[in-house]
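Chemist: What follows is the file data.txt, containing compact mmCIF, C-alpha atoms:
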# COMPACT_ATOMS: atom_id res chain seq x y z
CA MET V 134 -16.32 25.45 101.01
CA ILE V 135 -16.66 23.78 97.68
CA ARG V 136 -15.44 25.72 94.69
CA TYR V 137 -16.88 25.04 91.24
CA ALA V 138 -14.49 25.44 88.32
CA THR V 139 -15.76 27.44 85.41
CA PRO V 140 -16.13 25.22 82.27
CA GLN V 141 -13.63 26.24 79.64
CA SER V 142 -14.28 25.97 75.93
CA THR V 143 -12.55 23.11 74.20
CA PRO V 144 -10.08 24.28 71.53
CA PRO V 145 -11.02 23.29 67.96
CA MET V 146 -9.48 20.11 66.73
CA SER V 147 -7.06 19.99 63.84
CA PRO V 148 -8.50 19.28 60.39
CA LEU V 149 -6.42 16.13 60.35
CA HIS V 150 -8.43 14.77 63.30
CA ALA V 151 -11.89 16.02 62.43
CA GLN V 152 -14.68 14.03 64.02
CA GLY V 153 -16.87 14.32 60.94
CA THR V 154 -14.48 12.38 58.72
CA PRO V 155 -16.29 9.25 57.45
CA ARG V 156 -14.68 5.97 58.39
CA THR V 157 -17.14 3.46 57.02
CA PRO V 158 -16.19 1.61 53.83
CA GLY V 159 -19.38 2.77 52.09
CA ALA V 160 -18.68 6.43 52.73
CA TYR V 161 -15.07 6.05 51.67
CA SER V 162 -16.04 4.36 48.42
CA GLU V 163 -18.35 7.25 47.59
CA LEU V 164 -15.47 9.69 47.89
CA THR V 165 -13.13 7.56 45.78
CA PRO V 166 -13.14 8.82 42.20
CA PRO V 167 -13.65 6.24 39.41
CA SER V 168 -10.61 4.97 37.60
CA PRO V 169 -9.86 7.19 34.59
CA ARG V 170 -10.07 5.76 31.12
CA PRO V 171 -6.79 5.10 29.32
CA ALA V 172 -5.55 7.59 26.78
CA ILE V 173 -6.29 6.53 23.20
CA THR V 174 -3.01 5.91 21.37
CA LEU V 175 -4.35 3.83 18.47
CA THR V 176 -2.85 4.49 15.06
CA PRO V 177 -5.32 5.77 12.44
CA PRO V 178 -6.27 3.45 9.59
CA PRO V 179 -4.96 4.16 6.09
CA SER V 180 -6.89 6.46 3.84
CA LYS V 181 -9.67 5.07 1.67
CA LYS V 182 -7.77 5.96 -1.49
CA LYS V 183 -4.85 3.84 -0.38
CA GLN V 184 -7.20 1.00 0.50
CA ARG V 185 -8.83 1.20 -2.94
CA ARG V 186 -5.44 1.11 -4.66
CA THR V 187 -4.35 -1.88 -2.55
CA ALA V 188 -7.60 -3.76 -3.22
CA ALA V 189 -7.38 -2.98 -6.95
CA ARG V 190 -3.78 -4.25 -7.13
CA SER V 191 -4.64 -7.45 -5.27
CA LEU V 192 -7.68 -8.01 -7.49
CA ARG V 193 -5.61 -7.52 -10.66
CA ALA V 194 -3.00 -9.94 -9.33
CA ILE V 195 -5.64 -12.58 -8.61
CA ARG V 196 -7.12 -12.20 -12.08
CA ALA V 197 -3.67 -12.47 -13.66
CA VAL V 198 -2.91 -15.68 -11.76
CA ARG V 199 -6.28 -17.15 -12.75
CA ALA V 200 -5.72 -16.27 -16.40
CA LEU V 201 -2.28 -17.88 -16.24
CA PHE V 202 -3.59 -21.14 -14.82
CA ARG V 203 -6.41 -21.24 -17.35
CA SER V 204 -3.89 -21.02 -20.19
CA LEU V 205 -1.85 -23.98 -18.91
CA PRO V 206 -2.69 -27.50 -20.10
CA ILE V 207 -4.46 -29.81 -17.68
CA LEU V 208 -2.25 -32.70 -16.58
CA ALA V 209 -3.57 -35.74 -14.74
CA PRO V 210 -0.89 -37.01 -12.31
CA ALA V 211 -0.39 -40.73 -11.98
CA CYS V 212 -0.30 -40.62 -8.16
CA ARG V 213 -2.19 -38.59 -5.60
CA PHE V 214 -0.71 -36.67 -2.74
CA HIS V 215 -3.19 -37.08 0.10
CA GLY V 216 -1.33 -34.74 2.40
CA ILE V 217 -2.14 -31.61 0.42
CA VAL V 218 -5.78 -32.36 -0.39
CA PRO V 219 -8.05 -30.14 1.75
CA ARG V 220 -10.44 -32.07 3.94
CA HIS V 221 -13.14 -29.41 4.00
CA GLY V 222 -14.65 -27.15 1.42
CA GLY V 223 -13.47 -23.61 1.02
CA PRO V 224 -10.10 -22.06 0.28
CA SER V 225 -7.00 -24.23 0.38
CA ARG V 226 -4.85 -23.92 3.49
CA MET V 227 -1.12 -24.29 3.86
CA HIS V 228 0.60 -26.55 6.36
CA ASP V 229 0.49 -23.85 9.05
CA GLY V 230 -3.28 -23.37 8.70
CA HIS V 231 -3.15 -20.07 6.82
CA VAL V 232 -5.09 -19.48 3.64
CA SER V 233 -2.79 -19.07 0.68
CA GLY V 234 -2.88 -15.61 -0.86
CA ALA V 235 -4.81 -14.04 2.03
CA SER V 236 -3.92 -10.97 4.07
CA ARG V 237 -3.75 -11.04 7.87
CA THR V 238 -6.13 -8.98 9.98
CA THR V 239 -7.20 -8.85 13.61
CA GLY V 240 -10.83 -9.50 14.51
CA THR V 241 -12.46 -8.81 17.88
CA LEU V 242 -15.95 -9.83 19.01
CA PHE V 243 -16.95 -7.95 22.15
CA GLY V 244 -19.94 -6.61 24.04
CA TYR V 245 -21.81 -6.75 27.32
CA ARG V 246 -23.35 -10.17 27.87
CA ARG V 247 -26.93 -8.89 27.72
CA ALA V 248 -26.22 -6.39 24.94
CA ARG V 249 -25.57 -6.83 21.23
CA VAL V 250 -22.27 -8.24 20.07
CA THR V 251 -19.95 -6.06 17.99
CA LEU V 252 -17.41 -7.14 15.39
CA ALA V 253 -14.30 -4.99 14.99
CA VAL V 254 -11.79 -5.60 12.20
CA GLN V 255 -8.31 -4.05 12.51
CA GLU V 256 -5.22 -4.22 10.37
CA THR V 257 -3.10 -4.47 13.54
CA PRO V 258 -4.09 -4.86 17.23
CA GLY V 259 -2.95 -1.29 17.88
CA SER V 260 -4.84 0.48 15.08
CA VAL V 261 -8.26 2.06 14.79
CA PRO V 262 -10.86 -0.43 13.43
CA ILE V 263 -11.48 -0.25 9.71
CA LEU V 264 -14.84 -1.99 10.20
CA LEU V 265 -17.27 -1.95 13.13
CA LEU V 266 -20.47 -4.00 12.82
CA GLU V 267 -23.17 -4.41 15.45
CA LEU V 268 -25.02 -7.72 15.13
CA ALA V 269 -28.60 -8.34 16.26
CA MET V 270 -27.59 -11.04 18.77
CA GLN V 271 -26.69 -10.90 22.43
CA THR V 272 -23.03 -11.37 23.26
CA GLY V 273 -23.68 -14.20 25.71
CA ARG V 274 -25.67 -16.18 23.18
CA PHE V 275 -23.09 -15.61 20.47
CA MET V 276 -20.34 -16.93 22.74
CA GLN V 277 -22.47 -20.02 23.32
CA GLU V 278 -22.77 -20.50 19.56
CA MET V 279 -18.96 -20.46 19.42
CA GLY V 280 -19.03 -23.82 21.17
CA THR V 281 -20.28 -25.50 18.01
CA GLU V 282 -17.92 -27.32 15.68
CA HIS V 283 -17.82 -24.57 13.05
CA LEU V 284 -19.59 -21.24 13.26
CA ARG V 285 -20.44 -19.52 9.99
CA VAL V 286 -21.67 -15.93 9.90
CA ALA V 287 -23.00 -14.73 6.54
CA LEU V 288 -23.63 -11.02 5.95
CA GLU V 289 -25.59 -10.10 2.83
CA CYS V 290 -26.40 -6.70 1.37
CA GLU V 291 -28.29 -5.67 -1.73
CA LYS V 292 -26.50 -4.61 -4.86
CA LYS V 293 -27.91 -1.32 -6.09
CA PRO V 294 -28.73 -1.10 -9.81
CA PRO V 295 -26.47 1.05 -12.01
CA GLY V 296 -27.50 4.69 -12.19
CA ALA V 297 -29.48 4.58 -8.93
CA GLY V 298 -27.38 7.38 -7.49
CA ALA V 299 -24.09 9.18 -7.56
CA GLY V 300 -21.09 7.06 -6.76
CA ILE V 301 -22.98 3.78 -7.00
CA GLY V 302 -20.64 0.97 -7.97
CA ARG V 303 -17.63 2.61 -6.34
CA THR V 304 -18.74 1.81 -2.79
CA ARG V 305 -16.39 -0.61 -1.09
CA LEU V 306 -17.98 -3.79 0.13
CA LEU V 307 -17.07 -3.19 3.77
CA ASP V 308 -18.47 0.36 3.58
CA GLU V 309 -22.04 -0.88 3.12
CA PRO V 310 -24.18 0.43 6.01
CA LEU V 311 -26.77 -2.34 6.42
CA TRP V 312 -26.49 -6.13 6.24
CA THR V 313 -28.75 -9.13 6.67
CA ALA V 314 -27.08 -11.48 9.17
CA TYR V 315 -27.22 -15.29 9.23
CA VAL V 316 -25.59 -17.58 11.82
CA ASN V 317 -25.19 -21.17 10.62
CA GLY V 318 -27.92 -20.58 8.04
CA ARG V 319 -30.37 -19.10 10.56
CA LYS V 320 -31.44 -15.50 10.09
CA ILE V 321 -30.85 -13.46 13.25
CA GLY V 322 -31.79 -10.01 11.97
CA TYR V 323 -29.63 -7.18 10.70
CA ALA V 324 -26.11 -5.90 11.22
CA MET V 325 -25.32 -2.19 11.09
CA ARG V 326 -22.02 -0.53 10.35
CA ARG V 327 -21.25 2.38 12.68
CA GLU V 328 -18.44 4.66 13.63
CA PRO V 329 -16.41 3.74 16.75
CA THR V 330 -17.59 5.37 19.96
CA GLU V 331 -15.54 6.28 23.00
CA ASP V 332 -16.38 2.92 24.60
CA ASP V 333 -15.27 1.06 21.45
CA LEU V 334 -11.96 2.90 21.35
CA THR V 335 -11.46 2.21 25.06
CA VAL V 336 -11.91 -1.53 24.46
CA MET V 337 -9.46 -1.45 21.55
CA GLN V 338 -6.98 0.51 23.66
CA LEU V 339 -7.17 -1.96 26.55
CA LEU V 340 -6.67 -4.87 24.14
CA ARG V 341 -3.91 -3.29 22.06
CA THR V 342 -1.29 -5.68 23.49
CA VAL V 343 -3.50 -8.77 23.04
CA SER V 344 -3.14 -10.59 19.74
CA VAL V 345 -5.14 -13.74 20.54
CA GLY V 346 -7.29 -14.42 23.56
CA ALA V 347 -10.65 -14.21 25.31
CA GLY V 348 -11.79 -12.86 28.65
CA VAL V 349 -13.78 -10.22 30.51
CA LEU V 350 -13.09 -6.51 31.07
CA PRO V 351 -14.23 -5.23 34.52
CA ASN V 352 -16.80 -2.47 34.66
CA ASP V 353 -14.58 -0.19 36.73
CA VAL V 354 -11.90 -0.31 34.05
CA MET V 355 -14.47 0.64 31.42
CA GLY V 356 -15.57 3.56 33.61
CA CYS V 357 -19.29 2.70 33.47
CA ASP V 358 -21.82 3.13 36.29
CA THR V 359 -22.32 0.22 38.68
CA ALA V 360 -26.09 -0.03 38.11
CA GLU V 361 -25.68 0.03 34.34
CA GLY V 362 -22.85 -2.49 34.52
CA GLN V 363 -24.93 -4.90 36.61
CA GLU V 364 -27.87 -4.54 34.24
CA ALA V 365 -25.86 -5.19 31.05
CA GLY V 366 -23.45 -7.72 32.57
CA ASP V 367 -19.71 -7.97 32.14
CA LEU V 368 -18.01 -6.97 28.90
CA ALA V 369 -16.75 -10.15 27.26
CA TYR V 370 -14.36 -10.25 24.32
CA MET V 371 -12.74 -12.74 21.98
CA ARG V 372 -9.83 -11.72 19.76
CA ALA V 373 -8.11 -13.77 17.07
CA ARG V 374 -6.18 -13.44 13.85
CA PHE V 375 -8.14 -13.79 10.63
CA ASP V 376 -7.19 -14.50 7.04
CA ARG V 377 -8.93 -11.99 4.79
CA VAL V 378 -9.73 -13.31 1.33
CA VAL V 379 -11.01 -10.92 -1.35
CA GLY V 380 -12.93 -12.98 -3.91
CA SER V 381 -14.28 -10.10 -5.96
CA ARG V 382 -15.67 -6.62 -5.57
CA ASP V 383 -18.85 -8.15 -4.13
CA SER V 384 -17.47 -10.90 -1.89
CA GLU V 385 -14.95 -11.11 0.95
CA SER V 386 -14.30 -13.68 3.66
CA LEU V 387 -12.65 -13.80 7.07
CA TYR V 388 -11.31 -17.12 8.39
CA MET V 389 -10.27 -17.38 12.02
CA LEU V 390 -6.83 -18.87 12.62
CA ASN V 391 -6.31 -21.34 15.44
CA PRO V 392 -3.10 -20.43 17.31
CA ASP V 393 -2.45 -24.04 18.38
CA GLY V 394 -3.11 -25.45 14.91
CA ASN V 395 -5.64 -28.04 16.07
CA ASN V 396 -9.08 -28.78 14.70
CA GLY V 397 -10.97 -26.89 17.41
CA PRO V 398 -13.86 -24.46 16.95
CA GLU V 399 -13.48 -22.19 13.95
CA LEU V 400 -15.24 -19.06 12.81
CA SER V 401 -15.87 -17.96 9.25
CA ILE V 402 -17.43 -14.61 8.30
CA PHE V 403 -18.66 -13.99 4.75
CA PHE V 404 -19.51 -10.63 3.23
CA ILE V 405 -21.64 -10.95 0.09
CA ARG V 406 -23.30 -8.29 -2.05
CA ILE V 407 -26.12 -9.80 -4.13
Please lay out the structure from this file as structure tokens.

Modeler:
Amino acid sequence: MIRYATPQSTPPMSPLHAQGTPRTPGAYSELTPPSPRPAITLTPPPSKKKQRRTAARSLRAIRAVRALFRSLPILAPACRFHGIVPRHGGPSRMHDGHVSGASRTTGTLFGYRRARVTLAVQETPGSVPILLLELAMQTGRFMQEMGTEHLRVALECEKKPPGAGAGIGRTRLLDEPLWTAYVNGRKIGYAMRREPTEDDLTVMQLLRTVSVGAGVLPNDVMGCDTAEGQEAGDLAYMRARFDRVVGSRDSESLYMLNPDGNNGPELSIFFIRI
């Protein structure tokens, strides 16, 4: 006689060996949380009152030096020293390439390749930007323009007539909200000053240890969506030291410093209120 064994129920498996656990790379990537953004540890910029006092002191010092040189007699030397004659127009540079009498700042040009380029000016690489301008030009095209011999960016704003409003005339030049932008004499549109966003502060935080350099920040580090990152492209950046020259209340200039001291591509940014 053949005996049939009664089928017994299979005991439930342990949660560690569940059959429904996904094993495919696609399913695993969906469960992986995105990399968190770094904590913002940038130092705040100085107050505007302190900046006004510093700018006023530097302006008075420049005027005093100019008045002193104007009072001295003009002497014509018998021989010429060719080594100290500047080869190009503009402010005179010392032997190390720095502009005499200028203050040092950090400038960063960054943005997604298919988005608009942004200029950030910082007193130190680890501080909050004191100026953030968004130019009407794509980042990829601007980086291509950097391949020219000398790139000049001119930013012009209108000078408001006296009595047009309260506080007119006391506005700092870099606090102007709207500028007309020119690149090598060609008008590209407008540049707008804006407050730093969370993405801007994240870029500054990731680059806080970089003093001079250029590269690309991955999209996963920025914490952006994959579709949006592919549509806008990679986030490219270029950071360098700049000499900041204050000509007057209505004119300032930024001159990029070459770290190797050669005659490679240079960048000059002019702020003019006319």

Chemist: Enter the distance from atom CA of Phe404 of chain V to atom CA of Arg249 of chain V, in Å, rounded to one decimal.

Modeler: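 Going from atom CA of Phe404 of chain V over to atom CA of Arg249 of chain V covers 19.4 Å.
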
Chemist: Which one is closest to Leu400 of chain V: V:Val261, V:Ile173, V:Leu368, V:Ala287? Count only C-alpha atoms.

Modeler: V:Ala287

Chemist: Might I get the box with edges along x, y and z of the file that holds all atoms of segment 397-406 of chain V listed there, padded by 3 Å on every side, given as centre and edge lengths in Å to one decimal, as lines of an AutoDock Vina configuration file?

Modeler:
center_x = -17.1
center_y = -17.6
center_z = 7.7
size_x = 18.3
size_y = 24.6
size_z = 25.5

Chemist: Just how far from atom CA of Leu339 of chain V is atom CA of Arg305 of chain V, in Å to one decimal?

Modeler: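 So the two atoms, atom CA of Arg305 of chain V and atom CA of Leu339 of chain V, lie 29.2 Å apart.
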
Chemist: Counting only C-alpha atoms, which of V:Gly240, V:Pro310, V:Pro171, V:Pro178 gets nearest to Tyr370 of chain V?

Modeler: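 Closest residue, counting only C-alpha atoms: V:Gly240.
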
Chemist: Could you tell me which of V:Glu289, V:Asp383, V:Asp308, V:Glu399 comes closest to Glu328 of chain V if we count only C-alpha atoms?

Modeler: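 Closest residue, counting only C-alpha atoms: V:Asp308.
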
Chemist: Select, from V:Arg274, V:Arg374, V:Arg406, V:His283, the residue with the minimum atom-to-atom distance to Thr313 of chain V, counting all atoms listed in the file.

Modeler: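 Among V:Arg274, V:Arg374, V:Arg406, V:His283, it is V:Arg406 that comes nearest to Thr313 of chain V.
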
Chemist: Tell me which protein, DNA and RNA residues are within 10 Å of Leu340 of chain V, counting all atoms listed in the file, leaving out same-chain ones fewer than 2 positions away, and put them as a ChimeraX atom specification.

Modeler: /V:241,258-259,334-338,342-346,350,370,372

Chemist: Next, write the just-selected residues to a file, as an mmCIF file, in the coordinates of the input, keeping C-alpha atoms as the atom set.

Modeler:
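Now in out22.cif:
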data_model
loop_
_atom_site.group_PDB
_atom_site.id
_atom_site.type_symbol
_atom_site.label_atom_id
_atom_site.label_comp_id
_atom_site.auth_asym_id
_atom_site.auth_seq_id
_atom_site.Cartn_x
_atom_site.Cartn_y
_atom_site.Cartn_z
ATOM 1 C CA THR V 241 -12.460 -8.810 17.880
ATOM 2 C CA PRO V 258 -4.090 -4.860 17.230
ATOM 3 C CA GLY V 259 -2.950 -1.290 17.880
ATOM 4 C CA LEU V 334 -11.960 2.900 21.350
ATOM 5 C CA THR V 335 -11.460 2.210 25.060
ATOM 6 C CA VAL V 336 -11.910 -1.530 24.460
ATOM 7 C CA MET V 337 -9.460 -1.450 21.550
ATOM 8 C CA GLN V 338 -6.980 0.510 23.660
ATOM 9 C CA THR V 342 -1.290 -5.680 23.490
ATOM 10 C CA VAL V 343 -3.500 -8.770 23.040
ATOM 11 C CA SER V 344 -3.140 -10.590 19.740
ATOM 12 C CA VAL V 345 -5.140 -13.740 20.540
ATOM 13 C CA GLY V 346 -7.290 -14.420 23.560
ATOM 14 C CA LEU V 350 -13.090 -6.510 31.070
ATOM 15 C CA TYR V 370 -14.360 -10.250 24.320
ATOM 16 C CA ARG V 372 -9.830 -11.720 19.760
#

Chemist: At a cut-off of 10 Å, using all atoms listed in the file, what residues contact Arg319 of chain V? Leave out same-chain residues fewer than 2 positions from it and give the result as a ChimeraX atom specification.

Modeler: /V:285-287,314-317,321-322

Chemist: Please produce a file of the residues just selected, as a PDB file, in the coordinates of the input, where the atoms kept are C-alpha atoms.

Modeler:
ATOM      1  CA  ARG V 285     -20.440 -19.520   9.990  1.00  0.00           C
ATOM      2  CA  VAL V 286     -21.670 -15.930   9.900  1.00  0.00           C
ATOM      3  CA  ALA V 287     -23.000 -14.730   6.540  1.00  0.00           C
ATOM      4  CA  ALA V 314     -27.080 -11.480   9.170  1.00  0.00           C
ATOM      5  CA  TYR V 315     -27.220 -15.290   9.230  1.00  0.00           C
ATOM      6  CA  VAL V 316     -25.590 -17.580  11.820  1.00  0.00           C
ATOM      7  CA  ASN V 317     -25.190 -21.170  10.620  1.00  0.00           C
ATOM      8  CA  ILE V 321     -30.850 -13.460  13.250  1.00  0.00           C
ATOM      9  CA  GLY V 322     -31.790 -10.010  11.970  1.00  0.00           C
TER      10      GLY V 322
END

Chemist: Using all atoms listed in the file, what residues lie at most 10 Å away from (-16.2, -9.1, 19.1) (file coordinates), given as a ChimeraX atom specification?

Modeler: /V:240-244,249-254,265-268,272,275-276,347,369-373

Chemist: Closest to Arg382 of chain V among V:Thr239, V:Lys292, V:Gln255, V:Thr176, using only C-alpha atoms?

Modeler: V:Lys292

Chemist: If you measure from atom CA of Thr257 of chain V to atom CA of Pro177 of chain V, what distance in Å do you get, rounded to one decimal?

Modeler: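 Distance reported for this atom pair: 10.5 Å.
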
Chemist: Could you check the closest approach to Ile402 of chain V for each of V:Met325, V:Leu288, V:Ala172, V:Met355 and tell me which residue wins, using all atoms listed in the file?

Modeler: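 Smallest distance to Ile402 of chain V is found for V:Leu288.
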
Chemist: Using only C-alpha atoms, find all polymer residues with an atom at most 10 Å away from the point (-30.7, -1.6, 5.6); report them as a PyMOL selection string.

Modeler: chain V and resi 290-291+309-313+323-326

Chemist: Determine, counting only C-alpha atoms, which protein, DNA and RNA residues have an atom within 7 Å of an atom of Ala235 of chain V; residues of the same chain fewer than 4 positions away are not included. Present the result as a short mmCIF file (atom, residue, chain, number, x, y, z; two decimals) with C-alpha atoms, keeping the file's coordinate frame.

Modeler:
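Saved as out09.cif:
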data_model
loop_
_atom_site.label_atom_id
_atom_site.label_comp_id
_atom_site.auth_asym_id
_atom_site.auth_seq_id
_atom_site.Cartn_x
_atom_site.Cartn_y
_atom_site.Cartn_z
CA ASP V 376 -7.19 -14.50 7.04
CA ARG V 377 -8.93 -11.99 4.79
CA VAL V 378 -9.73 -13.31 1.33
#

Chemist: Mind checking which residues fall within 8 Å of Glu256 of chain V, counting only C-alpha atoms, ignoring those fewer than 4 positions away in the same chain, and posting them as a list in words?

Modeler: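 Final neighbour list, sorted by chain and number: Pro178, Arg237, Thr238, Thr239, Ser260, Pro262 and Ile263 of chain V.
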